[in-house]
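The structure appears below as structure tokens.
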Amino acid sequence: MSSDDRWSAEEEDSQVSKLTRKARDSPFVPVGMAGFVAVVGYGLYKLKHRGDQKMSVHLIHMRVAAQGFVVGAITIGVLFSMYKDYVKPQFKNGAKK
């Protein structure tokens, strides 16, 4: 059996390399992740000063805000990708004619 058939841990991608590759492919993924962490952090900070608001209502509001940020970042990323793939090449081809 040759050594090429063996599995090696070095051949597997690490979590950091997967994240950097994903960031290169679609740059709004890390923006969405950072926004999610920021909204959750802000929600935890405001947890002490929520007044007479119920805990469950506060957590639902924070969850909705965090998910909204991530969905917004994904939407902007998709629009950017569509622009880069479809609209920008048309301008380049139109300028050559």
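FYI, nothing fancy with the structure tokens labels: chains A, B, ... in order, residues from 1 per chain, ligands from 1 as they appear.
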Inset, instruction - Please identify all polymer residues within 12 Å of Val64 in chain A, counting only C-alpha atoms, omitting same-chain residues fewer than 6 positions from it, and present them as a PyMOL selection string. - result: chain A and resi 36+39-40+43+57-58+70-72
Selection file, N, CA and C atoms, as a PDB file, in the first residue's frame:
```pdb
ATOM      1  N   PHE A  36     -23.408  39.633  14.359  1.00  0.00           N
ATOM      2  CA  PHE A  36     -24.138  38.744  15.260  1.00  0.00           C
ATOM      3  C   PHE A  36     -23.526  38.782  16.655  1.00  0.00           C
ATOM      4  N   VAL A  39     -24.290  42.206  18.325  1.00  0.00           N
ATOM      5  CA  VAL A  39     -25.670  42.337  18.799  1.00  0.00           C
ATOM      6  C   VAL A  39     -25.888  41.487  20.049  1.00  0.00           C
ATOM      7  N   VAL A  40     -25.347  40.285  20.060  1.00  0.00           N
ATOM      8  CA  VAL A  40     -25.489  39.428  21.239  1.00  0.00           C
ATOM      9  C   VAL A  40     -24.751  40.032  22.430  1.00  0.00           C
ATOM     10  N   GLY A  43     -26.756  42.889  23.709  1.00  0.00           N
ATOM     11  CA  GLY A  43     -27.929  42.361  24.412  1.00  0.00           C
ATOM     12  C   GLY A  43     -27.596  41.861  25.796  1.00  0.00           C
ATOM     13  N   VAL A  57     -38.978  38.180  26.662  1.00  0.00           N
ATOM     14  CA  VAL A  57     -39.193  39.217  25.644  1.00  0.00           C
ATOM     15  C   VAL A  57     -37.863  39.847  25.240  1.00  0.00           C
ATOM     16  N   HIS A  58     -37.013  40.088  26.236  1.00  0.00           N
ATOM     17  CA  HIS A  58     -35.695  40.668  25.948  1.00  0.00           C
ATOM     18  C   HIS A  58     -34.871  39.728  25.068  1.00  0.00           C
ATOM     19  N   VAL A  70     -27.588  39.266  10.453  1.00  0.00           N
ATOM     20  CA  VAL A  70     -26.988  38.213   9.631  1.00  0.00           C
ATOM     21  C   VAL A  70     -27.704  38.116   8.278  1.00  0.00           C
ATOM     22  N   VAL A  71     -29.014  38.161   8.276  1.00  0.00           N
ATOM     23  CA  VAL A  71     -29.763  38.095   7.015  1.00  0.00           C
ATOM     24  C   VAL A  71     -29.449  39.303   6.144  1.00  0.00           C
ATOM     25  N   GLY A  72     -29.330  40.476   6.757  1.00  0.00           N
ATOM     26  CA  GLY A  72     -28.957  41.671   6.002  1.00  0.00           C
ATOM     27  C   GLY A  72     -27.577  41.548   5.382  1.00  0.00           C
TER      28      GLY A  72
END
```
Inset, instruction - Write out as a ChimeraX atom specification which residues come within 8 Å of Ile74 in chain A when counting only C-alpha atoms, dropping same-chain ones fewer than 6 positions away. - result: /A:28-29,32
Legend entry - 9 Å contact set for range 16-27 of chain A, only C-alpha atoms, chain neighbours under 4 positions out, as a ChimeraX atom specification: /A:31,77-78,81
Atoms kept (N, CA, C and O atoms) for selection, written as an mmCIF file, in the first residue's frame:
```
data_model
loop_
_atom_site.group_PDB
_atom_site.id
_atom_site.type_symbol
_atom_site.label_atom_id
_atom_site.label_comp_id
_atom_site.auth_asym_id
_atom_site.auth_seq_id
_atom_site.Cartn_x
_atom_site.Cartn_y
_atom_site.Cartn_z
ATOM 1 N N VAL A 31 -18.537 39.621 8.148
ATOM 2 C CA VAL A 31 -19.270 40.813 8.593
ATOM 3 C C VAL A 31 -20.540 40.396 9.322
ATOM 4 O O VAL A 31 -20.868 40.934 10.384
ATOM 5 N N GLY A 77 -24.313 40.560 0.608
ATOM 6 C CA GLY A 77 -23.311 39.715 -0.028
ATOM 7 C C GLY A 77 -23.804 39.102 -1.329
ATOM 8 O O GLY A 77 -23.074 39.045 -2.314
ATOM 9 N N VAL A 78 -25.049 38.657 -1.352
ATOM 10 C CA VAL A 78 -25.616 38.088 -2.574
ATOM 11 C C VAL A 78 -25.748 39.163 -3.651
ATOM 12 O O VAL A 78 -25.427 38.929 -4.823
ATOM 13 N N SER A 81 -22.332 39.867 -5.004
ATOM 14 C CA SER A 81 -21.895 38.769 -5.866
ATOM 15 C C SER A 81 -22.596 38.825 -7.226
ATOM 16 O O SER A 81 -21.967 38.603 -8.261
#
```
Inset, instruction - Find the distance between CA of Ile76 in chain A and CA of Ile60 in chain A and write it in Å to one decimal. - result: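 Interatomic distance, CA of Ile76 in chain A to CA of Ile60 in chain A: 24.1 Å.
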Inset, instruction - Report the distance between CA of Met62 in chain A and CA of Pro30 in chain A in Å, rounded to one decimal place. - result: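 For CA of Met62 in chain A relative to CA of Pro30 in chain A, the distance reads 19.4 Å.
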Legend entry - Test item, alpha helix (DSSP H) assignment across range 11-55 of chain A, answer as a PyMOL selection string: chain A and resi 15-25+28-46+55
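CA of Asp52 in chain A sits 24.8 Å away from CA of Gly68 in chain A.
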